[in-house]
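Only one structure is covered here, and it is reproduced in the block below.
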Amino acid sequence: KLQPGVDIDQFNAKIEDYVEEKISDVNEVAATIFVQPFKDRYLYNTYKNGEQVGGRITYVRLFTAVAFFILLIASINFMNLATARSTKRAKEVGVKKVVGSNRFHLFLQFMTESLMLAVFSALVASLLIALVIAPLNLLVGKEMTFSLVELDQPLRLLGMGAIVGVLAGIYPAIVLSNFKPLSVLKGSFKTSGRSAGLRKGLVVFQFTISTALIISTLVVQKQLDFLKNTDLGYAKENVVMINIEGTLYDLNVREQLKSRLLSNPNFLHVVPVSDSPLSTSSSTTGGFSWPEKAAEVQTNFNVIRTDYGFLEAFNIELLEGRSFDPSLVSDTANVIINEQTAKIMNMENPLDHTVTFWNRTGRVIGIVKDFHFSSLHSSIEPLVISLRPEGSQVLNLKINSENRQESLDFLGETLKEFNPNYPFEYSFLDDRYNSQYQSESVVGILGNYFSGIAIFISLLGLFGLASFAAEQRIKEVGVRKVLGASVFNLIILMAKGFLILVSIGFVVAAPLSYYFMNEWLEAYTYKIDMGISVFLVAGLASLFITIATISYHALRAAYVNPVQSLRTE
């Protein structure tokens, strides 16, 4: 706890070299220390080389941006539909101007309509939030609250609605209030080409956002599937983990427990480990050495402290040598290394070579194939596996997959006998592995929802514009039918303009999505190749839902009897 007024940057500068000053052999430590405000720890929790580079705040910013774009799409819809259907209100504007209304009065009228719609939408939104807040909390694992009784939250929502209403209503209000009464009432009024061009540009913008969200969601889902299904180099299924606590710290008690559990055919292996294959304790560079080790080798070696049967329990592939042998007392000083450690030792074959690890001198008796003992965000690092059951913190139990509940019941009863003062608490290794990517899973699910909302809103706007376009071209369709055009020709005629706009949106969205999703994937050392399939699926999906949306109005216009549409000509 710092004194009030202490400058954090100056304080960090003072303590930066504290560790090096206190340790005589600087080669033992490669670290500097600094302080961070505790209130920032949850959101700003990722550091690289002492610099804050992100964390959970990244997802907050991401979904804030997505929410902003969804609001923007909705506002664009309002602007497009209001200006597209301006001809319907042209006579109203003309009459009001003739009887004395000026442009400012009409501008206020249309702005008020926009504002009232937005505020009413905010009220409906507050009811929806109250309904979805509980399932949303279950999804993200938080306790967010929203109350219609406490006025601060609904008032904030109403304020946001008012801002959106004003911003979305300004352009339509300017357009509608600017009509010339003479041309309107004479029947010679036409919407300007500039207004139509703006509408097309806004439709392109809408579908650029929607398509980008589709591509992003597909990439996130593909990466999640890769994380969950990639070969880690060990078997994580059907492994139960319990903490070593109480009487289980006693090696004799632990051996008795192991014998009791293995007497049950549902238990295949019982192995104590310093933590789990997902988490290792780290040694300083001086903790592991060999006679030829060069002074400049300053590598931290990860450590797994375990007992006999570790490789067998997790099906870890042994490339050379052997596993720990219970009949050889000398194995307590021997170690097993992975391929990364073998590379750093930089010798033709480190097997049977003399090494010293934590003051025990022995030999390398085995080399295992590299396996992922941490998340796929980082690369596989050098690893030393040591026979030190006394340093274990977690008991890993491989059980029969067919009798899972029966195995858990037996385990609970047995632990109650051997360690009665502690509750029976367990977790599965594969669940622990998946929990490493909980944030990504939530992002994937929420991304699906938000993409769906954005696409739905975009299609609502497209549906309205298609209705307006079909209405405007009804006489043209009648003339073409009289001259022999087929229904298919007419549907293509009606759909062509929208399909071009959606295609342009895709062309813009594809490189943008590739850039931003490639940046997101950079956080993973092991990641997917996006490939062309993601973009093809997103493009085809956009085209398909566009055709499905506008087909209704296109078919209606195509099937109208030309006598009805042309009888006034």
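Identifiers for the structure tokens are assigned positionally: chains receive A, B, ... in sequence, residues are indexed from 1 per chain, and ligands are indexed from 1 in the order shown.
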
| Would you give me, as an MDAnalysis selection string, the residues in region 342-458 of chain A that DSSP reads as strand (DSSP E or B)? | chainID A and resid 354:357 360:368 383:387 394:399 427:428

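Neighbouring residues of Asp529 (chain A) at 12 Å or closer, counting only C-alpha atoms and skipping chain neighbours under 4 positions away, are A:Val219, A:Val220, A:Lys222, A:Gln223, A:Phe226, A:Tyr514, A:Met517, A:Asn518, A:Leu521, A:Glu522, A:Tyr524, A:Ser533, A:Val534.
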
| message | Based on the backbone DSSP call, show me all residues of region 347-519 of chain A assigned alpha helix (DSSP H), as a VMD selection string. | response | chain A and resid 404 to 418 429 to 435 438 to 472 474 to 482 487 to 519

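Using only C-alpha atoms, the contacts of Ser439 (chain A) at a cut-off of 10 Å, with sequence neighbours closer than 4 positions omitted, comprise Arg56, Tyr59, Val140, Ser435, Val443 and Gly444 of chain A.
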
Dump N, CA and C atoms for the selected residues as an mmCIF file, in the first residue's frame?
```
data_model
loop_
_atom_site.group_PDB
_atom_site.id
_atom_site.type_symbol
_atom_site.label_atom_id
_atom_site.label_comp_id
_atom_site.auth_asym_id
_atom_site.auth_seq_id
_atom_site.Cartn_x
_atom_site.Cartn_y
_atom_site.Cartn_z
ATOM 1 N N ARG A 56 -8.090 -8.965 -20.302
ATOM 2 C CA ARG A 56 -9.543 -9.026 -20.460
ATOM 3 C C ARG A 56 -10.114 -7.727 -21.019
ATOM 4 N N TYR A 59 -11.399 -7.805 -24.614
ATOM 5 C CA TYR A 59 -12.747 -8.265 -24.936
ATOM 6 C C TYR A 59 -13.794 -7.197 -24.628
ATOM 7 N N VAL A 140 -21.384 -15.910 -19.090
ATOM 8 C CA VAL A 140 -20.077 -15.282 -18.883
ATOM 9 C C VAL A 140 -19.520 -15.512 -17.487
ATOM 10 N N SER A 435 -10.967 -24.951 -19.781
ATOM 11 C CA SER A 435 -11.181 -23.711 -19.031
ATOM 12 C C SER A 435 -10.112 -22.668 -19.347
ATOM 13 N N VAL A 443 -16.312 -15.506 -26.096
ATOM 14 C CA VAL A 443 -16.227 -14.614 -27.259
ATOM 15 C C VAL A 443 -16.892 -15.266 -28.471
ATOM 16 N N GLY A 444 -16.648 -16.560 -28.662
ATOM 17 C CA GLY A 444 -17.243 -17.263 -29.793
ATOM 18 C C GLY A 444 -18.758 -17.279 -29.721
#
```

| message | Excluding Gly461 (chain A) and its own-chain neighbours fewer than 5 positions away, which residues fall within 9 Å of it when counting only C-alpha atoms? Please give them as a PyMOL selection string. | response | chain A and resi 73-74+76-78+80-81+203+456+466

Would you mind exporting the chosen residues as a short mmCIF file (atom, residue, chain, number, x, y, z; two decimals), in the first residue's frame, restricted to C-alpha atoms?
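Contents of the output file part.cif:
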```cif
data_model
loop_
_atom_site.label_atom_id
_atom_site.label_comp_id
_atom_site.auth_asym_id
_atom_site.auth_seq_id
_atom_site.Cartn_x
_atom_site.Cartn_y
_atom_site.Cartn_z
CA ILE A 73 -26.39 -0.43 -38.63
CA ALA A 74 -29.76 0.27 -37.00
CA ILE A 76 -28.39 3.48 -41.14
CA ASN A 77 -31.57 1.46 -41.59
CA PHE A 78 -33.65 4.30 -40.20
CA ASN A 80 -32.25 4.66 -45.54
CA LEU A 81 -35.91 3.83 -45.04
CA VAL A 203 -26.16 -0.43 -47.67
CA PHE A 456 -30.93 -9.55 -38.85
CA ALA A 466 -36.62 -4.06 -51.51
#
```

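Of the residues listed (A:Lys369, A:Lys142, A:Arg556, A:Arg360), A:Lys369 shows the shortest atom-to-atom separation from Asn338 (chain A); distances use only C-alpha atoms.
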
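One finds CA of Glu390 (chain A) at 22.2 Å from CA of Phe267 (chain A).
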
| request: Excluding region 481-498 of chain A and any residue of its chain fewer than 5 positions from it, enumerate the residues within 9 Å of it, using only C-alpha atoms, and give them as a VMD selection string. | output: chain A and resid 200 203 462 466 469 to 470 473 476 503 546 to 547 550 to 551 553 to 555 557 to 559 561 to 562

List the spatial neighbours of region 361-364 of chain A as a PDB file with N, CA, C and O atoms, in the first residue's frame - criterion: any atom at most 7 Å away, only C-alpha atoms, same-chain residues fewer than 5 positions off excluded.
```pdb
ATOM      1  N   ALA A 333      17.735 -39.656  -8.665  1.00  0.00           N
ATOM      2  CA  ALA A 333      18.638 -38.588  -9.108  1.00  0.00           C
ATOM      3  C   ALA A 333      18.599 -38.408 -10.619  1.00  0.00           C
ATOM      4  O   ALA A 333      19.096 -37.406 -11.131  1.00  0.00           O
ATOM      5  N   ASN A 334      17.999 -39.372 -11.335  1.00  0.00           N
ATOM      6  CA  ASN A 334      17.954 -39.298 -12.789  1.00  0.00           C
ATOM      7  C   ASN A 334      16.770 -38.450 -13.261  1.00  0.00           C
ATOM      8  O   ASN A 334      15.814 -38.209 -12.509  1.00  0.00           O
ATOM      9  N   VAL A 335      16.834 -38.020 -14.516  1.00  0.00           N
ATOM     10  CA  VAL A 335      15.764 -37.175 -15.055  1.00  0.00           C
ATOM     11  C   VAL A 335      15.385 -37.649 -16.453  1.00  0.00           C
ATOM     12  O   VAL A 335      16.143 -38.368 -17.126  1.00  0.00           O
ATOM     13  N   ILE A 336      14.184 -37.225 -16.845  1.00  0.00           N
ATOM     14  CA  ILE A 336      13.709 -37.404 -18.225  1.00  0.00           C
ATOM     15  C   ILE A 336      13.514 -36.000 -18.805  1.00  0.00           C
ATOM     16  O   ILE A 336      13.013 -35.108 -18.121  1.00  0.00           O
ATOM     17  N   PRO A 350      22.087 -36.689 -25.755  1.00  0.00           N
ATOM     18  CA  PRO A 350      22.195 -36.442 -24.312  1.00  0.00           C
ATOM     19  C   PRO A 350      21.790 -37.640 -23.451  1.00  0.00           C
ATOM     20  O   PRO A 350      21.927 -37.593 -22.230  1.00  0.00           O
ATOM     21  N   LEU A 351      21.283 -38.722 -24.072  1.00  0.00           N
ATOM     22  CA  LEU A 351      20.865 -39.884 -23.299  1.00  0.00           C
ATOM     23  C   LEU A 351      22.045 -40.462 -22.529  1.00  0.00           C
ATOM     24  O   LEU A 351      23.143 -40.613 -23.063  1.00  0.00           O
ATOM     25  N   ASP A 352      21.844 -40.762 -21.252  1.00  0.00           N
ATOM     26  CA  ASP A 352      22.842 -41.304 -20.332  1.00  0.00           C
ATOM     27  C   ASP A 352      23.924 -40.290 -19.959  1.00  0.00           C
ATOM     28  O   ASP A 352      24.913 -40.645 -19.313  1.00  0.00           O
ATOM     29  N   HIS A 353      23.714 -39.031 -20.365  1.00  0.00           N
ATOM     30  CA  HIS A 353      24.711 -38.014 -20.034  1.00  0.00           C
ATOM     31  C   HIS A 353      24.512 -37.548 -18.593  1.00  0.00           C
ATOM     32  O   HIS A 353      23.387 -37.480 -18.084  1.00  0.00           O
ATOM     33  N   THR A 354      25.595 -37.196 -17.937  1.00  0.00           N
ATOM     34  CA  THR A 354      25.542 -36.739 -16.546  1.00  0.00           C
ATOM     35  C   THR A 354      24.948 -35.334 -16.466  1.00  0.00           C
ATOM     36  O   THR A 354      25.330 -34.431 -17.218  1.00  0.00           O
ATOM     37  N   VAL A 355      23.984 -35.172 -15.551  1.00  0.00           N
ATOM     38  CA  VAL A 355      23.364 -33.856 -15.322  1.00  0.00           C
ATOM     39  C   VAL A 355      23.205 -33.665 -13.819  1.00  0.00           C
ATOM     40  O   VAL A 355      23.153 -34.627 -13.045  1.00  0.00           O
ATOM     41  N   THR A 356      23.131 -32.391 -13.429  1.00  0.00           N
ATOM     42  CA  THR A 356      22.838 -32.057 -12.033  1.00  0.00           C
ATOM     43  C   THR A 356      21.560 -31.248 -11.994  1.00  0.00           C
ATOM     44  O   THR A 356      21.431 -30.234 -12.698  1.00  0.00           O
TER      45      THR A 356
END
```

Please provide as an mmCIF file with N, CA and C atoms, in the first residue's frame all residues within 10 Å of region 143-160 of chain A, with the sequence filter that same-chain residues fewer than 3 positions apart are discarded (counting only C-alpha atoms).
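Heads up, here's the output in part_31.cif:
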```cif
data_model
loop_
_atom_site.group_PDB
_atom_site.id
_atom_site.type_symbol
_atom_site.label_atom_id
_atom_site.label_comp_id
_atom_site.auth_asym_id
_atom_site.auth_seq_id
_atom_site.Cartn_x
_atom_site.Cartn_y
_atom_site.Cartn_z
ATOM 1 N N ALA A 118 -36.759 6.329 -31.052
ATOM 2 C CA ALA A 118 -35.542 5.839 -30.394
ATOM 3 C C ALA A 118 -35.758 5.664 -28.897
ATOM 4 N N VAL A 119 -36.451 6.614 -28.258
ATOM 5 C CA VAL A 119 -36.693 6.523 -26.819
ATOM 6 C C VAL A 119 -37.616 5.350 -26.512
ATOM 7 N N PHE A 120 -38.648 5.165 -27.345
ATOM 8 C CA PHE A 120 -39.532 4.014 -27.148
ATOM 9 C C PHE A 120 -38.752 2.709 -27.310
ATOM 10 N N SER A 121 -37.844 2.687 -28.291
ATOM 11 C CA SER A 121 -36.997 1.489 -28.483
ATOM 12 C C SER A 121 -36.124 1.229 -27.263
ATOM 13 N N ALA A 122 -35.633 2.308 -26.647
ATOM 14 C CA ALA A 122 -34.813 2.153 -25.444
ATOM 15 C C ALA A 122 -35.628 1.555 -24.299
ATOM 16 N N LEU A 123 -36.898 1.951 -24.196
ATOM 17 C CA LEU A 123 -37.770 1.379 -23.158
ATOM 18 C C LEU A 123 -37.982 -0.117 -23.395
ATOM 19 N N ALA A 125 -35.937 -2.010 -25.026
ATOM 20 C CA ALA A 125 -34.628 -2.626 -24.783
ATOM 21 C C ALA A 125 -34.392 -2.881 -23.301
ATOM 22 N N SER A 126 -34.846 -1.949 -22.437
ATOM 23 C CA SER A 126 -34.665 -2.145 -20.993
ATOM 24 C C SER A 126 -35.423 -3.370 -20.507
ATOM 25 N N LEU A 127 -36.603 -3.630 -21.076
ATOM 26 C CA LEU A 127 -37.359 -4.840 -20.716
ATOM 27 C C LEU A 127 -36.627 -6.093 -21.195
ATOM 28 N N ILE A 129 -33.392 -6.395 -21.660
ATOM 29 C CA ILE A 129 -32.204 -6.584 -20.821
ATOM 30 C C ILE A 129 -32.582 -7.284 -19.520
ATOM 31 N N ALA A 130 -33.688 -6.846 -18.918
ATOM 32 C CA ALA A 130 -34.145 -7.464 -17.663
ATOM 33 C C ALA A 130 -34.411 -8.953 -17.861
ATOM 34 N N LEU A 131 -34.856 -9.343 -19.071
ATOM 35 C CA LEU A 131 -35.157 -10.748 -19.343
ATOM 36 C C LEU A 131 -33.901 -11.574 -19.609
ATOM 37 N N VAL A 132 -32.900 -10.983 -20.285
ATOM 38 C CA VAL A 132 -31.736 -11.777 -20.715
ATOM 39 C C VAL A 132 -30.559 -11.679 -19.760
ATOM 40 N N ILE A 133 -30.625 -10.812 -18.736
ATOM 41 C CA ILE A 133 -29.454 -10.613 -17.870
ATOM 42 C C ILE A 133 -29.083 -11.891 -17.113
ATOM 43 N N ALA A 134 -30.100 -12.672 -16.701
ATOM 44 C CA ALA A 134 -29.817 -13.906 -15.944
ATOM 45 C C ALA A 134 -29.100 -14.943 -16.804
ATOM 46 N N LEU A 136 -27.413 -14.399 -19.472
ATOM 47 C CA LEU A 136 -26.122 -13.828 -19.852
ATOM 48 C C LEU A 136 -25.097 -14.016 -18.737
ATOM 49 N N ASN A 137 -25.539 -13.852 -17.486
ATOM 50 C CA ASN A 137 -24.647 -14.082 -16.344
ATOM 51 C C ASN A 137 -24.172 -15.525 -16.286
ATOM 52 N N LEU A 138 -25.064 -16.449 -16.600
ATOM 53 C CA LEU A 138 -24.678 -17.863 -16.623
ATOM 54 C C LEU A 138 -23.629 -18.125 -17.698
ATOM 55 N N VAL A 140 -21.384 -15.910 -19.090
ATOM 56 C CA VAL A 140 -20.077 -15.282 -18.883
ATOM 57 C C VAL A 140 -19.520 -15.512 -17.487
ATOM 58 N N ILE A 163 -29.688 10.009 -27.844
ATOM 59 C CA ILE A 163 -28.532 10.380 -28.678
ATOM 60 C C ILE A 163 -28.614 9.695 -30.039
ATOM 61 N N VAL A 164 -28.949 8.388 -30.025
ATOM 62 C CA VAL A 164 -29.071 7.646 -31.279
ATOM 63 C C VAL A 164 -30.190 8.231 -32.129
ATOM 64 N N GLY A 165 -31.317 8.574 -31.483
ATOM 65 C CA GLY A 165 -32.451 9.150 -32.210
ATOM 66 C C GLY A 165 -32.088 10.451 -32.894
#
```

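Reported to one decimal place, the separation of CA of Asp325 (chain A) from CA of Asp231 (chain A) is 27.3 Å.
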